[in-house]
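> My structure is stored as target02.cif, with mmCIF, C-alpha atoms.
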```cif
data_run
#
loop_
_atom_site.label_atom_id
_atom_site.label_comp_id
_atom_site.auth_asym_id
_atom_site.auth_seq_id
_atom_site.Cartn_x
_atom_site.Cartn_y
_atom_site.Cartn_z
CA MET A 1 136.74 221.25 92.06
CA ASP A 2 135.20 224.69 91.39
CA GLU A 3 133.97 223.41 88.05
CA LEU A 4 132.37 220.39 89.73
CA TRP A 5 130.57 222.61 92.21
CA ARG A 6 129.34 224.81 89.36
CA LEU A 7 127.93 221.75 87.60
CA HIS A 8 126.39 220.72 90.90
CA SER A 9 124.53 224.03 91.32
CA LYS A 10 123.27 223.74 87.80
CA GLY A 11 122.18 220.17 88.45
CA LEU A 12 120.29 221.18 91.57
CA GLU A 13 118.44 223.89 89.64
CA GLU A 14 117.49 221.44 86.90
CA GLU A 15 116.37 218.93 89.51
CA SER A 16 114.19 221.47 91.20
CA GLU A 17 112.61 222.47 87.86
CA LEU A 18 111.97 218.82 87.03
CA GLU A 19 110.40 218.27 90.41
CA LYS A 20 108.05 221.20 89.84
CA SER A 21 107.01 219.84 86.44
CA LEU A 22 106.42 216.42 87.94
CA ASP A 23 104.36 217.87 90.77
CA ALA A 24 102.35 219.94 88.32
CA GLY A 25 101.67 216.84 86.24
CA LYS A 26 103.39 218.27 83.15
CA VAL A 27 105.78 215.33 83.00
CA SER A 28 105.37 211.82 84.29
CA TYR A 29 108.08 209.55 85.66
CA SER A 30 107.35 206.87 83.12
CA GLU A 31 108.16 209.26 80.26
CA LEU A 32 111.60 210.01 81.64
CA GLU A 33 114.57 208.11 80.35
CA ALA A 34 117.06 206.75 82.81
CA PRO A 35 120.09 209.05 82.59
CA LYS A 36 123.54 207.59 82.02
CA SER A 37 124.96 209.84 84.66
CA SER A 38 123.09 211.85 87.18
CA LEU A 39 123.34 214.52 89.84
CA LEU A 40 123.89 211.68 92.28
CA HIS A 41 126.96 210.54 90.32
CA LEU A 42 128.30 214.07 90.49
CA LYS A 43 127.64 214.27 94.23
CA SER A 44 129.43 210.99 94.71
CA LEU A 45 132.43 212.23 92.72
CA ILE A 46 132.64 215.47 94.71
CA ALA A 47 132.29 213.58 97.99
CA SER A 48 135.20 211.29 97.09
CA LYS A 49 137.33 214.29 96.24
CA ILE A 50 136.47 215.99 99.53
CA MET A 51 137.72 212.86 101.32
CA GLU A 52 141.21 213.51 99.98
CA SER A 53 141.43 216.48 102.30
CA CYS A 54 138.43 215.84 104.43
CA VAL A 55 136.10 218.71 105.33
CA LEU A 56 132.89 216.72 105.62
CA CYS A 57 132.38 217.76 109.24
CA GLU A 58 133.00 221.21 110.68
CA ARG A 59 136.18 220.10 112.38
CA ARG A 60 137.71 220.18 108.89
CA CYS A 61 140.71 218.03 109.83
CA MET A 62 141.77 217.69 106.18
CA LYS A 63 143.15 214.17 106.49
CA ASP A 64 143.53 212.21 103.26
CA ARG A 65 141.06 209.49 104.10
CA THR A 66 141.22 208.01 100.59
CA ARG A 67 144.70 206.75 101.54
CA GLY A 68 143.40 205.26 104.74
CA GLU A 69 144.41 208.12 107.03
CA LEU A 70 141.98 208.40 109.93
CA GLY A 71 140.17 211.66 110.56
CA TYR A 72 139.33 213.00 114.00
CA CYS A 73 136.25 210.80 113.59
CA ARG A 74 138.58 207.77 113.39
CA VAL A 75 137.09 206.80 110.07
CA GLY A 76 139.37 206.09 107.13
CA LYS A 77 138.52 204.85 103.70
CA ASP A 78 135.86 202.25 104.45
CA MET A 79 132.67 202.02 106.40
CA TYR A 80 132.44 199.14 108.83
CA VAL A 81 128.89 198.09 109.60
CA SER A 82 128.23 197.01 113.17
CA SER A 83 124.54 196.26 112.86
CA TYR A 84 121.40 196.76 110.83
CA PHE A 85 117.84 196.19 111.93
CA ASP A 86 114.23 197.34 111.52
CA HIS A 87 114.07 200.05 114.17
CA MET A 88 110.66 200.31 115.86
CA GLY A 89 111.77 202.66 118.61
CA GLU A 90 112.05 205.89 116.64
CA GLU A 91 109.39 208.59 116.39
CA PRO A 92 106.00 207.13 115.30
CA GLU A 93 105.99 208.91 111.94
CA ILE A 94 109.18 207.21 110.79
CA VAL A 95 108.91 203.60 111.97
CA PRO A 96 109.67 200.96 110.90
CA SER A 97 113.00 202.48 110.02
CA PHE A 98 115.72 200.37 108.42
CA THR A 99 118.73 201.38 110.47
CA VAL A 100 122.40 200.91 109.67
CA CYS A 101 125.04 201.57 112.34
CA ASP A 102 128.70 201.84 111.51
CA ARG A 103 131.60 201.03 113.72
CA LYS A 104 135.07 202.36 114.27
CA SER A 105 137.91 201.26 112.06
CA ALA A 106 139.90 198.13 112.79
CA GLU A 107 142.97 200.25 113.50
CA LEU A 108 141.27 202.05 116.33
CA ALA A 109 139.94 198.82 117.79
CA TRP A 110 143.53 197.76 118.13
CA ASP A 111 144.46 201.06 119.80
CA VAL A 112 141.81 200.46 122.40
CA ILE A 113 142.90 196.89 123.07
CA SER A 114 146.53 197.83 123.32
CA GLY A 115 145.88 200.92 125.39
CA ALA A 116 147.70 202.98 122.78
CA SER A 117 144.83 205.37 122.35
CA THR A 118 144.57 208.29 124.71
CA ALA A 119 141.86 209.94 122.68
CA ARG A 120 138.40 210.07 124.06
CA THR A 121 136.22 207.46 122.46
CA GLY A 122 132.48 207.24 122.23
CA ALA A 123 130.10 209.05 119.95
CA MET B 1 132.22 205.52 117.03
CA GLY B 2 132.96 206.91 113.68
CA CYS B 3 131.91 210.18 115.25
CA ASN B 4 133.06 213.77 114.94
CA PHE B 5 132.06 214.47 118.56
CA ARG B 6 133.57 213.10 121.78
CA CYS B 7 130.67 213.30 124.17
CA LEU B 8 131.73 212.47 127.71
CA HIS B 9 128.22 211.20 128.25
CA CYS B 10 127.95 209.21 124.99
CA GLN B 11 124.70 207.28 125.21
CA ASN B 12 125.89 204.71 122.67
CA TRP B 13 129.14 203.75 124.33
CA GLY B 14 128.03 200.10 124.32
CA ILE B 15 128.36 200.09 120.54
CA SER B 16 131.40 202.30 120.44
CA GLN B 17 133.32 200.16 122.92
CA GLN B 18 132.94 196.77 121.29
CA ILE B 19 136.49 195.96 120.45
CA GLU B 20 136.21 193.67 117.44
CA SER B 21 135.98 195.54 114.18
CA GLY B 22 132.72 195.72 112.25
CA ASP B 23 131.96 193.93 109.04
CA LEU B 24 132.94 195.39 105.75
CA TYR B 25 130.01 195.52 103.32
CA SER B 26 130.24 196.57 99.74
CA GLU B 27 127.99 199.39 98.62
CA LYS B 28 126.12 196.90 96.46
CA GLU B 29 125.48 194.48 99.33
CA LEU B 30 124.13 197.25 101.51
CA ALA B 31 121.93 198.52 98.68
CA LEU B 32 120.41 195.03 98.31
CA LEU B 33 119.64 194.92 102.05
CA ILE B 34 118.00 198.34 101.83
CA ASP B 35 115.93 197.37 98.78
CA ASP B 36 114.76 194.30 100.68
CA ALA B 37 113.82 196.41 103.69
CA ARG B 38 111.77 198.70 101.45
CA ARG B 39 109.91 195.73 100.00
CA ARG B 40 108.99 194.41 103.42
CA GLY B 41 107.57 197.80 104.39
CA CYS B 42 110.29 199.83 106.08
CA ARG B 43 109.58 203.50 105.53
CA ASN B 44 113.09 204.87 105.29
CA GLN B 45 116.78 204.12 105.41
CA ASN B 46 118.15 205.40 108.68
CA TRP B 47 121.79 206.42 108.39
CA VAL B 48 123.23 206.40 111.89
CA GLY B 49 126.76 206.13 113.23
CA GLY B 50 128.57 207.10 115.39
CA ASP B 51 127.51 209.85 113.08
CA PRO B 52 126.81 209.45 109.35
CA ILE B 53 128.73 212.62 108.40
CA PRO B 54 132.12 210.92 107.81
CA HIS B 55 130.33 208.28 105.73
CA ILE B 56 128.53 210.55 103.28
CA PRO B 57 130.74 209.47 100.32
CA PHE B 58 130.01 205.84 101.11
CA TRP B 59 126.27 206.40 101.42
CA LEU B 60 126.07 208.27 98.12
CA ARG B 61 127.63 205.25 96.43
CA VAL B 62 125.10 202.96 98.15
CA LEU B 63 122.29 205.10 96.76
CA LEU B 64 123.66 204.69 93.26
CA HIS B 65 123.12 200.94 93.63
CA GLU B 66 119.65 201.09 95.14
CA LYS B 67 116.74 200.09 92.92
CA GLU B 68 113.86 201.01 95.21
CA ASN B 69 112.90 204.58 95.99
CA MET B 70 113.54 204.62 99.74
CA PRO B 71 113.46 207.92 101.64
CA VAL B 72 116.68 208.87 103.40
CA PHE B 73 116.63 209.61 107.12
CA PHE B 74 119.84 211.39 108.11
CA ASN B 75 120.40 210.79 111.81
CA THR B 76 123.06 213.28 112.86
CA ASN B 77 124.50 215.58 115.50
CA GLY B 78 124.28 218.32 112.86
CA HIS B 79 127.93 219.38 112.94
CA TYR B 80 128.55 219.06 109.21
CA SER B 81 130.26 221.46 106.84
CA ILE B 82 128.59 223.67 104.27
CA GLU B 83 130.07 221.38 101.60
CA SER B 84 128.31 218.39 103.16
CA SER B 85 125.11 220.38 103.40
CA GLU B 86 125.26 220.89 99.63
CA LEU B 87 125.88 217.19 99.04
CA LEU B 88 122.96 216.21 101.25
CA ARG B 89 120.63 218.65 99.53
CA GLY B 90 118.32 216.80 97.19
CA VAL B 91 119.36 213.47 98.71
CA VAL B 92 118.13 213.59 102.30
CA ASP B 93 114.38 213.52 102.88
CA ILE B 94 114.33 213.80 106.66
CA TYR B 95 117.02 215.58 108.63
CA LYS B 96 116.97 214.31 112.20
CA ILE B 97 119.30 216.63 114.07
CA ASP B 98 120.27 216.41 117.72
CA PHE B 99 120.20 219.87 119.26
CA LYS B 100 122.47 219.38 122.25
CA TYR B 101 123.76 222.68 123.56
CA GLY B 102 122.73 226.30 123.89
CA ASN B 103 126.24 227.75 123.86
CA ASP B 104 129.79 226.99 122.71
CA ARG B 105 131.26 226.57 126.18
CA CYS B 106 129.07 223.59 127.14
CA ALA B 107 129.56 222.06 123.67
CA GLU B 108 133.32 222.27 123.90
CA ARG B 109 133.50 220.97 127.44
CA LEU B 110 131.13 218.01 127.03
CA SER B 111 131.54 217.07 123.35
CA ASP B 112 134.80 218.72 122.25
CA ALA B 113 132.76 220.41 119.52
CA PRO B 114 134.15 223.64 118.03
CA ARG B 115 131.95 226.65 117.06
CA TYR B 116 128.88 224.68 118.00
CA TRP B 117 126.20 227.35 118.04
CA GLU B 118 127.14 228.94 114.73
CA VAL B 119 127.24 225.57 112.97
CA ILE B 120 124.14 223.95 114.43
CA THR B 121 121.92 226.99 113.87
CA ARG B 122 123.11 227.37 110.28
CA ASN B 123 122.50 223.70 109.52
CA LEU B 124 119.08 223.62 111.19
CA LYS B 125 117.92 226.51 109.03
CA LEU B 126 119.27 224.88 105.87
CA ALA B 127 117.77 221.51 106.78
CA LYS B 128 114.37 223.09 107.18
CA ARG B 129 114.71 224.61 103.72
CA HIS B 130 115.99 221.42 102.06
CA GLY B 131 113.77 218.75 103.60
CA GLU B 132 111.70 217.65 106.55
CA LEU B 133 113.21 218.50 109.92
CA LEU B 134 112.95 216.56 113.14
CA ILE B 135 114.85 217.83 116.18
CA ARG B 136 115.79 215.64 119.10
CA ILE B 137 116.73 217.14 122.44
CA LEU B 138 118.14 214.96 125.19
CA VAL B 139 117.63 217.13 128.27
CA LEU B 140 120.76 217.13 130.43
CA PRO B 141 120.58 217.68 134.19
CA ASN B 142 121.75 221.13 135.27
CA HIS B 143 121.73 222.36 131.66
CA LEU B 144 118.22 223.79 131.54
CA GLU B 145 119.10 227.46 131.77
CA CYS B 146 122.38 227.44 129.84
CA CYS B 147 121.26 225.01 127.12
CA LEU B 148 117.61 223.94 126.97
CA SER B 149 116.12 227.43 127.26
CA LYS B 150 118.39 228.76 124.48
CA ILE B 151 117.65 225.76 122.28
CA LEU B 152 113.88 226.08 122.64
CA GLU B 153 113.97 229.85 122.14
CA PHE B 154 115.90 229.43 118.92
CA ILE B 155 113.45 226.82 117.65
CA ALA B 156 110.40 228.94 118.47
CA LYS B 157 111.85 232.15 117.03
CA GLU B 158 113.91 231.03 114.05
CA LEU B 159 112.41 227.73 112.92
CA GLY B 160 108.80 228.12 113.90
CA ARG B 161 106.61 226.92 116.73
CA GLU B 162 105.25 224.10 114.59
CA THR B 163 108.72 222.48 114.32
CA ARG B 164 108.68 218.78 115.16
CA VAL B 165 110.61 218.36 118.43
CA ASN B 166 111.27 215.18 120.38
CA LEU B 167 112.02 216.18 123.97
CA MET B 168 113.69 213.31 125.77
CA ASP B 169 113.99 212.70 129.50
CA GLN B 170 115.91 209.44 129.47
CA TYR B 171 119.43 210.78 129.93
CA THR B 172 121.58 208.32 131.90
CA PRO B 173 125.14 209.05 133.01
CA HIS B 174 127.12 206.72 130.76
CA TRP B 175 130.68 206.39 129.59
CA ARG B 176 132.87 209.18 131.01
CA ALA B 177 130.07 211.34 132.40
CA ARG B 178 131.66 211.30 135.86
CA GLU B 179 134.29 213.69 134.51
CA ALA B 180 131.58 216.36 134.37
CA PRO B 181 130.14 216.44 137.90
CA GLU B 182 126.88 218.17 136.99
CA ILE B 183 125.76 215.36 134.68
CA THR B 184 126.50 212.37 136.92
CA ARG B 185 122.84 211.83 137.70
CA ARG B 186 119.60 211.37 135.85
CA LEU B 187 117.19 214.21 135.23
CA SER B 188 115.10 215.08 138.30
CA HIS B 189 111.33 215.14 138.23
CA SER B 190 111.28 218.92 138.80
CA GLU B 191 113.76 219.49 135.97
CA TRP B 192 111.57 217.52 133.59
CA LYS B 193 108.52 219.46 134.67
CA LEU B 194 110.40 222.69 134.05
CA ALA B 195 111.52 221.46 130.61
CA LEU B 196 107.92 220.79 129.61
CA GLN B 197 106.86 224.19 130.94
CA MET B 198 109.56 225.91 128.91
CA ALA B 199 108.37 224.26 125.70
CA GLU B 200 104.77 225.12 126.48
CA SER B 201 105.35 228.72 127.43
CA LEU B 202 107.20 229.29 124.14
CA GLY B 203 104.13 227.99 122.34
CA LEU B 204 105.76 224.99 120.69
CA THR B 205 102.88 223.01 119.19
CA ASN B 206 104.54 219.88 117.81
CA VAL B 207 106.40 218.37 120.75
CA ILE B 208 106.61 214.64 121.35
CA THR B 209 107.94 213.28 124.64
#
```
Show how you would write the structure in this file as structure tokens.

Amino acid sequence: MDELWRLHSKGLEEESELEKSLDAGKVSYSELEAPKSSLLHLKSLIASKIMESCVLCERRCMKDRTRGELGYCRVGKDMYVSSYFDHMGEEPEIVPSFTVCDRKSAELAWDVISGASTARTGA
Amino acid sequence: MGCNFRCLHCQNWGISQQIESGDLYSEKELALLIDDARRRGCRNQNWVGGDPIPHIPFWLRVLLHEKENMPVFFNTNGHYSIESSELLRGVVDIYKIDFKYGNDRCAERLSDAPRYWEVITRNLKLAKRHGELLIRILVLPNHLECCLSKILEFIAKELGRETRVNLMDQYTPHWRAREAPEITRRLSHSEWKLALQMAESLGLTNVIT
């Protein structure tokens, strides 16, 4: 993991340099070749590894969500989408904003129905 | 749901209480929907929740499938780890962070949020450095002195008076708000007037209401 983070720092530096060159007009997007793997691939890999002992939020509950364990957030492995829509009600500078809302896991839904859950719910 | 907070006064309880489970989309399907939205003129992809923090790994995979260059709007309570902050860096264009409390005691009591002040102030500073920052403040009744004044002072002093702030007066006692007696009503007219005065006297220049 340390090695991945080291690569990540390096990637961020390179990205920032590239951005400067692009802004300065020294390089143009069309000249760039599409990379086989990118900083985004690395981020995605690190994120998946973090999920094995989840510390994405500051509660750091360290559940292994890749095996379907639910964190304090009640999210396991998958994202369930409850709705998506063109949001016109946000701040004027950001609308229309294509908005995706997730929903709790199926397991929790059952807890609520069965009354098994004593945890507070709600975002 | 899908949230790392447990706000007694959750304003989205309607969504969080629907008892059937949501639909499972593949990353690729979602990416296609987002590309379509970009082509019809949407200005950004708005990652909401619950809160998008637990879904960062999923969203990064969606991005890998996207063909259009669509800015990312990260719509969060701001209680993410330093690891997540690093992952979001270079990915998120606009950080929209809810600034809810001015101290740890209120945060713990109303949202069950640990070490709130330390975390939110750290992440706000980093967000400002790494992208555009938009702060939303839902003013809670009876929390003007303990919370709102501290929040606005921090913004003016540490983030700058030109920080984009959306000050919101529409708080409604939803969900389990009755368990906290002081927030069982809407904001009064005099409280709202005071909130606006606070923002003005601190010299905040970029407030939307």
> Please evaluate the PyMOL selection byres ((chain B and resi 75) around 6) against the structure above and give the resulting residues as a PyMOL selection string.
chain B and resi 47-48+74+76+96
> Could you please select, counting all atoms listed in the file, the residues of chain B within 7 Å of chain A and state them as an mmCIF file with C-alpha atoms, in the frame of the given file?

```cif
data_model
loop_
_atom_site.group_PDB
_atom_site.id
_atom_site.type_symbol
_atom_site.label_atom_id
_atom_site.label_comp_id
_atom_site.auth_asym_id
_atom_site.auth_seq_id
_atom_site.Cartn_x
_atom_site.Cartn_y
_atom_site.Cartn_z
ATOM 1 C CA MET B 1 132.220 205.520 117.030
ATOM 2 C CA GLY B 2 132.960 206.910 113.680
ATOM 3 C CA CYS B 3 131.910 210.180 115.250
ATOM 4 C CA ASN B 4 133.060 213.770 114.940
ATOM 5 C CA PHE B 5 132.060 214.470 118.560
ATOM 6 C CA ARG B 6 133.570 213.100 121.780
ATOM 7 C CA CYS B 7 130.670 213.300 124.170
ATOM 8 C CA CYS B 10 127.950 209.210 124.990
ATOM 9 C CA ASN B 12 125.890 204.710 122.670
ATOM 10 C CA TRP B 13 129.140 203.750 124.330
ATOM 11 C CA SER B 16 131.400 202.300 120.440
ATOM 12 C CA ILE B 19 136.490 195.960 120.450
ATOM 13 C CA GLU B 20 136.210 193.670 117.440
ATOM 14 C CA SER B 21 135.980 195.540 114.180
ATOM 15 C CA GLY B 22 132.720 195.720 112.250
ATOM 16 C CA ASP B 23 131.960 193.930 109.040
ATOM 17 C CA LEU B 24 132.940 195.390 105.750
ATOM 18 C CA TYR B 25 130.010 195.520 103.320
ATOM 19 C CA ALA B 37 113.820 196.410 103.690
ATOM 20 C CA CYS B 42 110.290 199.830 106.080
ATOM 21 C CA ARG B 43 109.580 203.500 105.530
ATOM 22 C CA ASN B 44 113.090 204.870 105.290
ATOM 23 C CA GLN B 45 116.780 204.120 105.410
ATOM 24 C CA ASN B 46 118.150 205.400 108.680
ATOM 25 C CA TRP B 47 121.790 206.420 108.390
ATOM 26 C CA VAL B 48 123.230 206.400 111.890
ATOM 27 C CA GLY B 49 126.760 206.130 113.230
ATOM 28 C CA GLY B 50 128.570 207.100 115.390
ATOM 29 C CA ILE B 53 128.730 212.620 108.400
ATOM 30 C CA PRO B 54 132.120 210.920 107.810
ATOM 31 C CA HIS B 55 130.330 208.280 105.730
ATOM 32 C CA PRO B 57 130.740 209.470 100.320
ATOM 33 C CA LEU B 60 126.070 208.270 98.120
ATOM 34 C CA ARG B 61 127.630 205.250 96.430
ATOM 35 C CA HIS B 79 127.930 219.380 112.940
ATOM 36 C CA TYR B 80 128.550 219.060 109.210
ATOM 37 C CA SER B 81 130.260 221.460 106.840
ATOM 38 C CA GLU B 83 130.070 221.380 101.600
ATOM 39 C CA SER B 84 128.310 218.390 103.160
ATOM 40 C CA LEU B 87 125.880 217.190 99.040
ATOM 41 C CA PRO B 114 134.150 223.640 118.030
#
```
> How many Å separate CA of Ser85 (chain B) from CA of Ser37 (chain A)?
21.5 Å
> With distances taken over all atoms listed in the file, which residue among B:Ile155, B:Met70, B:Ile135, B:Leu144 lies nearest Phe99 (chain B)?
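Using all atoms listed in the file, the shortest distance to Phe99 (chain B) belongs to B:Ile135.
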> Which residues are close to region 117-125 of chain B, i.e. within 7 Å by all atoms listed in the file, leaving aside same-chain residues fewer than 2 positions away? Reply as an MDAnalysis selection string.
chainID B and resid 78:79 102:104 115 127:129 159
> To one decimal place in Å, what is the distance between CA of Lys150 (chain B) and CA of Gln170 (chain B)?
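The value is 20.1 Å.
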> Can you list what the PyMOL selection byres ((chain B and resi 188-192) around 9) grabs from this structure, as an MDAnalysis selection string?
chainID B and resid 139 141:142 144 169 185:187 193:197
> For the residues in the current selection, export C-alpha atoms as a PDB file, in the frame of the given file.

```
ATOM      1  CA  VAL B 139     117.630 217.130 128.270  1.00  0.00           C
ATOM      2  CA  PRO B 141     120.580 217.680 134.190  1.00  0.00           C
ATOM      3  CA  ASN B 142     121.750 221.130 135.270  1.00  0.00           C
ATOM      4  CA  LEU B 144     118.220 223.790 131.540  1.00  0.00           C
ATOM      5  CA  ASP B 169     113.990 212.700 129.500  1.00  0.00           C
ATOM      6  CA  ARG B 185     122.840 211.830 137.700  1.00  0.00           C
ATOM      7  CA  ARG B 186     119.600 211.370 135.850  1.00  0.00           C
ATOM      8  CA  LEU B 187     117.190 214.210 135.230  1.00  0.00           C
ATOM      9  CA  LYS B 193     108.520 219.460 134.670  1.00  0.00           C
ATOM     10  CA  LEU B 194     110.400 222.690 134.050  1.00  0.00           C
ATOM     11  CA  ALA B 195     111.520 221.460 130.610  1.00  0.00           C
ATOM     12  CA  LEU B 196     107.920 220.790 129.610  1.00  0.00           C
ATOM     13  CA  GLN B 197     106.860 224.190 130.940  1.00  0.00           C
TER      14      GLN B 197
END
```
> Which is closest to Arg178 (chain B) among B:Arg164, B:His9, B:Glu68, B:Leu126, if we use all atoms listed in the file?
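So, comparing all the options, the nearest one is B:His9.
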> Excluding Asn69 (chain B) and any residue of its chain fewer than 3 positions from it, enumerate the residues within 9 Å of it, using all atoms listed in the file, and give them as a list in words.
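My list of contacting residues is Asp35, Arg38 and Glu66 of chain B.
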> Provide the CA of Arg161 (chain B) to CA of Val92 (chain B) distance in Å, to one decimal place.
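It comes out at 22.8 Å.
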> With only C-alpha atoms as the counted atoms, please give the residues lying no more than 6 Å from Asp64 (chain A), apart from itself and same-chain residues fewer than 4 positions off, as a ChimeraX atom specification.
/A:52-53,69
> Any chance you could work out the residue set of the PyMOL selection byres ((chain B and resi 100) around 9) here, as a list in words?
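Here the PyMOL selection byres ((chain B and resi 100) around 9) matches Asn77, Asp98, Phe99, Tyr101, Gly102, Ala107, Arg136, Ile137, Leu138, Val139, Leu140, Cys147, Leu148 and Ile151 of chain B.
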> Padding 4 Å on each side, edges along x, y and z: where is the centre of the box around the listed atoms of region 91-104 of chain A, and how long are its edges in Å to one decimal? Output it as JSON.

```
{"center_x": 120.5, "center_y": 204.6, "center_z": 112.4, "size_x": 37.1, "size_y": 16.5, "size_z": 16.0}
```
